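Trainee: Here you go, coords23.json (JSON, C-alpha atoms and all ligand atoms):
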```
[["chain", "number", "residue", "atom", "x", "y", "z"],
["P", 1, "MET", "CA", -0.63, 2.24, 14.00],
["P", 2, "VAL", "CA", 3.06, 2.64, 14.69],
["P", 3, "ASP", "CA", 4.56, 2.99, 18.12],
["P", 4, "GLN", "CA", 7.61, 5.10, 17.73],
["P", 5, "ALA", "CA", 8.88, 8.52, 18.57],
["P", 6, "ILE", "CA", 9.46, 11.34, 16.16],
["P", 7, "PHE", "CA", 11.36, 14.61, 16.49],
["P", 8, "LEU", "CA", 9.13, 17.30, 15.01],
["P", 9, "HIS", "CA", 10.62, 20.55, 13.80],
["P", 10, "VAL", "CA", 7.98, 23.19, 14.54],
["P", 11, "CYS", "CA", 8.20, 26.31, 12.37],
["P", 12, "CYS", "CA", 5.29, 28.05, 14.14],
["P", 13, "GLY", "CA", 2.20, 27.24, 16.21],
["P", 14, "PRO", "CA", -0.41, 27.34, 13.42],
["P", 15, "CYS", "CA", 1.65, 25.08, 11.14],
["P", 16, "ALA", "CA", 2.08, 22.54, 13.94],
["P", 17, "GLU", "CA", -1.65, 22.03, 14.53],
["P", 18, "TYR", "CA", -2.50, 19.63, 11.71],
["P", 19, "PRO", "CA", 0.80, 17.69, 11.65],
["P", 20, "VAL", "CA", 0.53, 16.96, 15.39],
["P", 21, "LYS", "CA", -3.04, 15.72, 14.89],
["P", 22, "VAL", "CA", -1.97, 13.44, 12.03],
["P", 23, "LEU", "CA", 1.19, 12.13, 13.70],
["P", 24, "ARG", "CA", -0.63, 11.35, 16.93],
["P", 25, "GLY", "CA", -3.37, 9.66, 14.93],
["P", 26, "GLU", "CA", -0.71, 7.43, 13.39],
["P", 27, "GLY", "CA", 0.61, 6.52, 16.83],
["P", 28, "TYR", "CA", 3.76, 8.64, 17.01],
["P", 29, "ARG", "CA", 5.05, 10.05, 20.27],
["P", 30, "ILE", "CA", 6.17, 13.57, 19.48],
["P", 31, "GLN", "CA", 9.01, 15.72, 20.72],
["P", 32, "GLY", "CA", 8.68, 19.24, 19.31],
["P", 33, "TYR", "CA", 11.67, 21.42, 18.45],
["P", 34, "PHE", "CA", 11.46, 25.13, 17.72],
["P", 35, "TYR", "CA", 14.52, 26.29, 15.79],
["P", 36, "ASN", "CA", 13.89, 29.08, 13.29],
["P", 37, "PRO", "CA", 16.57, 31.80, 13.00],
["P", 38, "ASN", "CA", 14.81, 32.81, 9.77],
["P", 39, "ILE", "CA", 12.07, 34.55, 11.76],
["P", 40, "GLN", "CA", 12.93, 38.22, 11.62],
["P", 41, "PRO", "CA", 13.00, 40.81, 13.07],
["P", 42, "ALA", "CA", 13.44, 39.82, 16.73],
["P", 43, "GLU", "CA", 10.04, 41.25, 17.71],
["P", 44, "GLU", "CA", 8.34, 38.93, 15.23],
["P", 45, "TYR", "CA", 10.44, 36.02, 16.50],
["P", 46, "ALA", "CA", 9.11, 36.69, 20.01],
["P", 47, "ARG", "CA", 5.49, 36.70, 18.76],
["P", 48, "ARG", "CA", 5.85, 33.37, 16.98],
["P", 49, "GLU", "CA", 7.79, 31.74, 19.79],
["P", 50, "GLU", "CA", 5.04, 32.83, 22.19],
["P", 51, "GLY", "CA", 2.50, 31.21, 19.86],
["P", 52, "VAL", "CA", 4.42, 27.94, 19.93],
["P", 53, "LYS", "CA", 4.47, 28.03, 23.74],
["P", 54, "LEU", "CA", 0.71, 28.49, 23.79],
["P", 55, "PHE", "CA", 0.24, 25.66, 21.29],
["P", 56, "SER", "CA", 2.56, 23.40, 23.26],
["P", 57, "GLU", "CA", 0.60, 23.98, 26.48],
["P", 58, "ARG", "CA", -2.82, 23.60, 24.86],
["P", 59, "HIS", "CA", -1.94, 20.28, 23.23],
["P", 60, "ALA", "CA", 0.59, 18.94, 25.74],
["P", 61, "VAL", "CA", 3.34, 18.72, 23.14],
["P", 62, "PRO", "CA", 6.79, 18.72, 24.80],
["P", 63, "MET", "CA", 8.86, 21.41, 23.12],
["P", 64, "LEU", "CA", 12.54, 22.33, 23.02],
["P", 65, "TYR", "CA", 13.47, 25.91, 22.07],
["P", 66, "GLU", "CA", 16.80, 26.91, 20.56],
["P", 67, "GLY", "CA", 18.33, 29.70, 18.53],
["P", 68, "LYS", "CA", 17.35, 33.29, 17.98],
["P", 69, "SER", "CA", 16.44, 35.64, 15.17],
["P", 70, "GLU", "CA", 19.39, 36.00, 12.75],
["P", 71, "GLU", "CA", 18.44, 38.99, 10.62],
["P", 72, "ALA", "CA", 22.03, 40.08, 9.95],
["P", 73, "LEU", "CA", 22.85, 36.67, 8.49],
["P", 74, "TRP", "CA", 19.94, 36.79, 6.02],
["P", 75, "ARG", "CA", 20.81, 40.34, 5.05],
["P", 76, "SER", "CA", 24.35, 39.21, 4.27],
["P", 77, "PHE", "CA", 23.31, 36.56, 1.70],
["P", 78, "PRO", "CA", 25.39, 37.26, -1.43],
["P", 79, "SER", "CA", 22.72, 36.21, -3.95],
["P", 80, "SER", "CA", 19.46, 38.06, -4.52],
["P", 81, "LEU", "CA", 17.59, 34.95, -5.71],
["P", 82, "ARG", "CA", 14.74, 33.72, -3.56],
["P", 83, "SER", "CA", 15.42, 30.05, -4.40],
["P", 84, "LYS", "CA", 18.96, 30.36, -3.05],
["P", 85, "HIS", "CA", 17.74, 32.01, 0.16],
["P", 86, "CYS", "CA", 15.12, 29.33, 0.73],
["P", 87, "GLU", "CA", 17.56, 26.47, 0.03],
["P", 88, "ALA", "CA", 19.99, 27.95, 2.54],
["P", 89, "CYS", "CA", 17.18, 28.52, 5.02],
["P", 90, "TYR", "CA", 15.87, 24.94, 4.83],
["P", 91, "GLY", "CA", 19.41, 23.55, 4.87],
["P", 92, "MET", "CA", 20.40, 25.49, 7.98],
["P", 93, "ARG", "CA", 17.27, 24.46, 9.88],
["P", 94, "MET", "CA", 17.22, 20.80, 8.83],
["P", 95, "GLU", "CA", 20.92, 20.43, 9.66],
["P", 96, "GLN", "CA", 20.34, 21.64, 13.22],
["P", 97, "VAL", "CA", 17.13, 19.60, 13.58],
["P", 98, "ALA", "CA", 18.89, 16.39, 12.47],
["P", 99, "LYS", "CA", 21.77, 17.09, 14.84],
["P", 100, "ARG", "CA", 19.46, 17.61, 17.82],
["P", 101, "CYS", "CA", 17.31, 14.64, 16.80],
["P", 102, "LYS", "CA", 20.39, 12.45, 17.05],
["P", 103, "GLU", "CA", 21.56, 14.01, 20.32],
["P", 104, "GLU", "CA", 18.13, 13.56, 21.90],
["P", 105, "GLY", "CA", 18.06, 9.91, 20.87],
["P", 106, "TYR", "CA", 15.23, 9.99, 18.32],
["P", 107, "PRO", "CA", 15.43, 7.76, 15.24],
["P", 108, "ALA", "CA", 13.68, 10.14, 12.86],
["P", 109, "PHE", "CA", 12.56, 13.70, 12.32],
["P", 110, "THR", "CA", 10.09, 15.61, 10.23],
["P", 111, "THR", "CA", 8.92, 19.21, 9.93],
["P", 112, "SER", "CA", 5.69, 21.17, 10.16],
["P", 113, "LEU", "CA", 6.90, 23.21, 7.17],
["P", 114, "THR", "CA", 5.32, 20.65, 4.87],
["P", 115, "VAL", "CA", 1.78, 21.67, 5.80],
["P", 116, "SER", "CA", 2.39, 24.86, 3.83],
["P", 117, "LEU", "CA", 0.99, 25.39, 0.36],
["P", 118, "TRP", "CA", 3.73, 27.95, -0.34],
["P", 119, "GLN", "CA", 6.94, 26.26, 0.81],
["P", 120, "ASP", "CA", 9.14, 24.44, -1.71],
["P", 121, "HIS", "CA", 8.54, 20.81, -0.70],
["P", 122, "GLU", "CA", 11.17, 19.38, -3.05],
["P", 123, "ALA", "CA", 13.82, 21.65, -1.56],
["P", 124, "ILE", "CA", 12.72, 20.74, 1.98],
["P", 125, "ILE", "CA", 12.98, 17.03, 1.15],
["P", 126, "ARG", "CA", 16.49, 17.51, -0.27],
["P", 127, "ALA", "CA", 17.56, 19.47, 2.82],
["P", 128, "GLY", "CA", 15.97, 16.97, 5.21],
["P", 129, "GLN", "CA", 17.54, 13.94, 3.54],
["P", 130, "ARG", "CA", 20.98, 15.57, 3.35],
["P", 131, "ALA", "CA", 20.90, 16.48, 7.04],
["P", 132, "ALA", "CA", 19.56, 13.06, 8.03],
["P", 133, "GLU", "CA", 22.35, 11.30, 6.18],
["P", 134, "HIS", "CA", 24.91, 13.59, 7.78],
["P", 135, "HIS", "CA", 23.75, 12.74, 11.31],
["P", 136, "GLY", "CA", 22.71, 9.10, 10.89],
["P", 137, "VAL", "CA", 18.97, 9.55, 11.46],
["P", 138, "LEU", "CA", 15.94, 9.34, 9.18],
["P", 139, "PHE", "CA", 14.04, 12.19, 7.58],
["P", 140, "LYS", "CA", 10.35, 11.34, 7.16],
["P", 141, "TYR", "CA", 8.45, 13.38, 4.63],
["P", 142, "PHE", "CA", 4.74, 13.88, 5.26],
["P", 143, "ASP", "CA", 2.71, 15.87, 2.79],
["P", 144, "PHE", "CA", 0.38, 17.63, 5.23],
["P", 145, "ARG", "CA", -0.96, 20.12, 2.66],
["P", 146, "SER", "CA", -4.47, 18.66, 2.54],
["P", 147, "GLY", "CA", -4.90, 19.80, 6.16],
["P", 148, "TYR", "CA", -3.62, 23.33, 5.74],
["P", 149, "ARG", "CA", -7.03, 25.01, 6.10],
["P", 150, "GLU", "CA", -8.05, 22.72, 8.95],
["P", 151, "GLY", "CA", -4.83, 23.58, 10.77],
["P", 152, "GLN", "CA", -5.42, 27.31, 10.32],
["P", 153, "ASN", "CA", -8.94, 26.91, 11.72],
["P", 154, "MET", "CA", -7.58, 24.98, 14.69],
["P", 155, "ALA", "CA", -5.04, 27.76, 15.29],
["P", 156, "ARG", "CA", -7.83, 30.35, 15.20],
["P", 157, "GLU", "CA", -9.82, 28.37, 17.77],
["P", 158, "ASP", "CA", -6.72, 28.11, 19.97],
["P", 159, "GLY", "CA", -6.21, 31.88, 19.75],
["P", 160, "LEU", "CA", -2.71, 31.53, 18.23],
["P", 161, "TYR", "CA", -0.97, 34.41, 16.49],
["P", 162, "ARG", "CA", -1.15, 33.73, 12.73],
["P", 163, "GLN", "CA", 1.59, 35.48, 10.80],
["P", 164, "LYS", "CA", 1.17, 37.05, 7.37],
["P", 165, "TYR", "CA", 4.64, 36.38, 5.93],
["P", 166, "CYS", "CA", 7.03, 33.45, 5.71],
["P", 167, "GLY", "CA", 9.62, 34.73, 8.16],
["P", 168, "CYS", "CA", 12.80, 36.34, 6.87],
["P", 169, "ILE", "CA", 13.36, 40.03, 6.41],
["P", 170, "TYR", "CA", 13.14, 39.54, 2.62],
["P", 171, "SER", "CA", 9.75, 37.87, 2.82],
["P", 172, "LEU", "CA", 8.42, 40.72, 4.93],
["P", 173, "ARG", "CA", 8.80, 42.94, 1.88],
["P", 174, "GLU", "CA", 6.93, 40.43, -0.30],
["P", 175, "THR", "CA", 3.66, 40.26, 1.63],
["P", 176, "LYS", "CA", 0.76, 42.56, 0.86],
["P", 177, "PHE", "CA", 0.67, 43.41, 4.58],
["P", 178, "THR", "CA", 4.18, 44.93, 4.67],
["P", 179, "ASP", "CA", 3.13, 48.41, 5.78],
["P", 180, "LYS", "CA", 0.79, 47.19, 8.49],
["P", 181, "ILE", "CA", 3.34, 44.71, 9.92],
["P", 182, "CYS", "CA", 6.17, 47.25, 9.76],
["P", 183, "GLU", "CA", 4.00, 49.69, 11.67],
["P", 184, "GLU", "CA", 3.28, 47.04, 14.32],
["P", 185, "LEU", "CA", 6.98, 46.19, 14.58],
["P", 186, "GLY", "CA", 8.16, 49.80, 14.45],
["P", 187, "ILE", "CA", 10.39, 49.44, 11.38],
["P", 188, "ASP", "CA", 10.70, 51.45, 8.17],
["P", 189, "PRO", "CA", 9.46, 49.45, 5.11],
["P", 190, "ALA", "CA", 12.06, 51.25, 2.99],
["P", 191, "SER", "CA", 14.80, 49.56, 5.01],
["P", 192, "LEU", "CA", 13.76, 46.06, 3.90],
["P", 193, "PRO", "CA", 16.08, 44.28, 1.44],
["P", 194, "GLU", "CA", 14.82, 43.21, -1.97],
["P", 195, "ARG", "CA", 15.38, 39.97, -3.85],
["P", 196, "ILE", "CA", 14.56, 38.40, -7.19],
["P", 197, "ASP", "CA", 11.62, 36.02, -6.92],
["P", 198, "ASP", "CA", 12.57, 33.07, -9.12],
["P", 199, "LEU", "CA", 10.13, 30.65, -7.41],
["P", 200, "ALA", "CA", 6.84, 32.23, -8.50],
["P", 301, "LIG", "S1", 11.01, 33.04, 2.32],
["P", 301, "LIG", "FE1", 10.75, 31.65, 4.07],
["P", 301, "LIG", "S2", 11.83, 29.75, 3.50],
["P", 301, "LIG", "FE2", 12.55, 31.39, 2.12],
["P", 301, "LIG", "S3", 14.40, 32.23, 3.11],
["P", 301, "LIG", "FE3", 12.66, 33.46, 3.81],
["P", 301, "LIG", "S4", 11.97, 32.51, 5.72],
["P", 301, "LIG", "FE4", 13.27, 31.02, 4.68]]
```
Go through the file and emit its structure as structure tokens.
Mentor:
Amino acid sequence: MVDQAIFLHVCCGPCAEYPVKVLRGEGYRIQGYFYNPNIQPAEEYARREEGVKLFSERHAVPMLYEGKSEEALWRSFPSSLRSKHCEACYGMRMEQVAKRCKEEGYPAFTTSLTVSLWQDHEAIIRAGQRAAEHHGVLFKYFDFRSGYREGQNMAREDGLYRQKYCGCIYSLRETKFTDKICEELGIDPASLPERIDDLA
């Protein structure tokens, strides 16, 4: 058992379930931090942020909230390669997380992104380490993937909103639920930008 604090980047409520269970089991005191401008459009951002608030209350996880949906920024990416978008996306988030980790006085940070079976863990590690070095804190990598299903079940029991796409406006086009989600959000699927998927 360790007795130290950790700054936990929370990408959404469902993804936070299992990491919080593991980190608490290992003796960490957790400060959550919701910073995800990649969640687009703004209506979807509001749904996921609401889910994090519910999660935070249910499990008494202190949570800081910053940023907003930045759809225009993602739409302006010059490359159409998915790997480039995701690298930029991880880099932007980890940079801000490391900065706030330092400002809040925590020695180390990690992210709930690494419970995902679909995220690029190597790219997240690179982004986390780069940001940590930049701000003089530690990035701790935890491979939470073995608890992905358990975390999703916990989220279902907690009544959390469970999204069907990664987050950005590009990924909304890539899910098989595009039409249904667009209808819910009141947007035209034909307006979604397209990219080349070089990570498949
Ligand atoms: S697919 Fe996910 S990780 Fe990649 S750019 Fe979009 S939101 Fe970010």
Trainee: Quick check, in Å to one decimal: how far apart do atom CA of Gln40 of chain P and atom CA of Leu8 of chain P lie?
Mentor: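 If I compute the distance from atom CA of Gln40 of chain P to atom CA of Leu8 of chain P, I get 21.5 Å.
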Trainee: Neighbouring residues of ligand LIG 301 (chain P) are defined here as those with any atom at most 8 Å from a ligand atom, counting all atoms listed in the file; list them as JSON, numbers by chain.
Mentor: {"P": [38, 39, 74, 82, 83, 84, 85, 86, 87, 88, 89, 90, 119, 120, 165, 166, 167, 168, 169, 170, 171]}
Trainee: Which protein, DNA or RNA residues have an atom at most 10 Å from (10.3, 3.5, 15.8), counting only C-alpha atoms? List them as a PyMOL selection string.
Mentor: chain P and resi 2-6+28-29+106-108
Trainee: Taking all atoms listed in the file into account, which of P:Phe77, P:Trp118, P:Phe177, P:Phe7 comes nearest Gln163 of chain P?
Mentor: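 Result for the nearest residue to Gln163 of chain P: P:Phe177.
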Trainee: Write out as a PyMOL selection string which residues come within 7 Å of Gln152 of chain P when counting only C-alpha atoms, dropping same-chain ones fewer than 4 positions away.
Mentor: chain P and resi 14+148+156
Trainee: With distances taken over only C-alpha atoms, which of P:Ala131, P:Val137, P:Met92, P:Val61 is nearest to Glu104 of chain P?
Mentor: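 Residue with the minimum atom-to-atom distance to Glu104 of chain P: P:Val137.
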Trainee: Report as CSV the residues of segment 152-194 of chain P within 10 Å of segment 41-50 of chain P, each with its shortest atom pair and distance in Å (one decimal), using only C-alpha atoms, ordered by chain and increasing residue number.
Mentor:
```
residue,atom,partner,partner_atom,distance
P:Leu160,CA,P:Glu50,CA,8.8
P:Tyr161,CA,P:Arg48,CA,6.9
P:Arg162,CA,P:Arg48,CA,8.2
P:Gln163,CA,P:Arg48,CA,7.8
P:Gly167,CA,P:Glu44,CA,8.3
P:Cys168,CA,P:Pro41,CA,7.6
P:Ile169,CA,P:Pro41,CA,6.7
P:Leu172,CA,P:Pro41,CA,9.3
P:Ile181,CA,P:Glu44,CA,9.3
P:Cys182,CA,P:Pro41,CA,10.0
P:Glu184,CA,P:Glu43,CA,9.5
P:Leu185,CA,P:Glu43,CA,6.6
P:Gly186,CA,P:Glu43,CA,9.3
P:Ile187,CA,P:Pro41,CA,9.2
```
Trainee: Considering all atoms listed in the file, return as a PyMOL selection string whatever protein or nucleic-acid residues lie within 12 Å of Met94 of chain P, sequence-local ones (same chain, fewer than 4 positions apart) excluded.
Mentor: chain P and resi 7-11+33-37+86-90+98-101+108-113+123-135+137-140
Trainee: Quick one: pull the distance between atom CA of Gly136 of chain P and atom CA of Val97 of chain P, Å, one decimal.
Mentor: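 Taking atom CA of Gly136 of chain P as the start and atom CA of Val97 of chain P as the end point, the length is 12.2 Å.
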Trainee: Draw an axis-aligned box tight on the listed atoms of segment 137-150 of chain P, then pad every side by 5 Å and write out centre and edge lengths in Å to one decimal as JSON.
Mentor:
```
{"center_x": 5.5, "center_y": 17.2, "center_z": 7.0, "size_x": 37.0, "size_y": 25.7, "size_z": 18.9}
```
Trainee: Name the closest residue to Tyr65 of chain P among the candidates P:Gly51, P:Pro19, P:Gly91, P:Gly32; distances are taken between atoms, counting only C-alpha atoms.
Mentor: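 When distances to Tyr65 of chain P are compared using only C-alpha atoms, the smallest one comes from P:Gly32.
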Trainee: In Å, with one decimal, what is the gap from atom CA of Ala72 of chain P to atom CA of Cys12 of chain P?
Mentor: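 Straight-line distance from atom CA of Ala72 of chain P to atom CA of Cys12 of chain P works out to 21.0 Å.
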Trainee: Closest to Lys68 of chain P among P:Arg93, P:Arg149, P:Lys53, P:Ser116, using only C-alpha atoms?
Mentor: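 Closest candidate: P:Arg93.
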Trainee: In the coordinate frame of the file, compute which residues have an atom within 10 Å of (4.6, 48.6, 2.5) when using all atoms listed in the file, and state them as a list of chain:residue names.
Mentor: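 Protein, DNA and RNA residues close to (4.6, 48.6, 2.5): P:Leu172, P:Arg173, P:Glu174, P:Thr175, P:Lys176, P:Phe177, P:Thr178, P:Asp179, P:Lys180, P:Ile181, P:Cys182, P:Glu183, P:Asp188, P:Pro189, P:Ala190, P:Leu192.
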Trainee: For Cys15 of chain P, which residue out of P:Val115, P:Met154, P:Leu64, P:Ile30 is the nearest one, using all atoms listed in the file?
Mentor: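 Counting all atoms listed in the file, the residue closest to Cys15 of chain P is P:Val115.
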Trainee: Counting all atoms listed in the file, which residue out of P:Asp158, P:Gly105, P:Leu81, P:Tyr141 sits closest to Ser56 of chain P?
Mentor: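 Nearest to Ser56 of chain P: P:Asp158.
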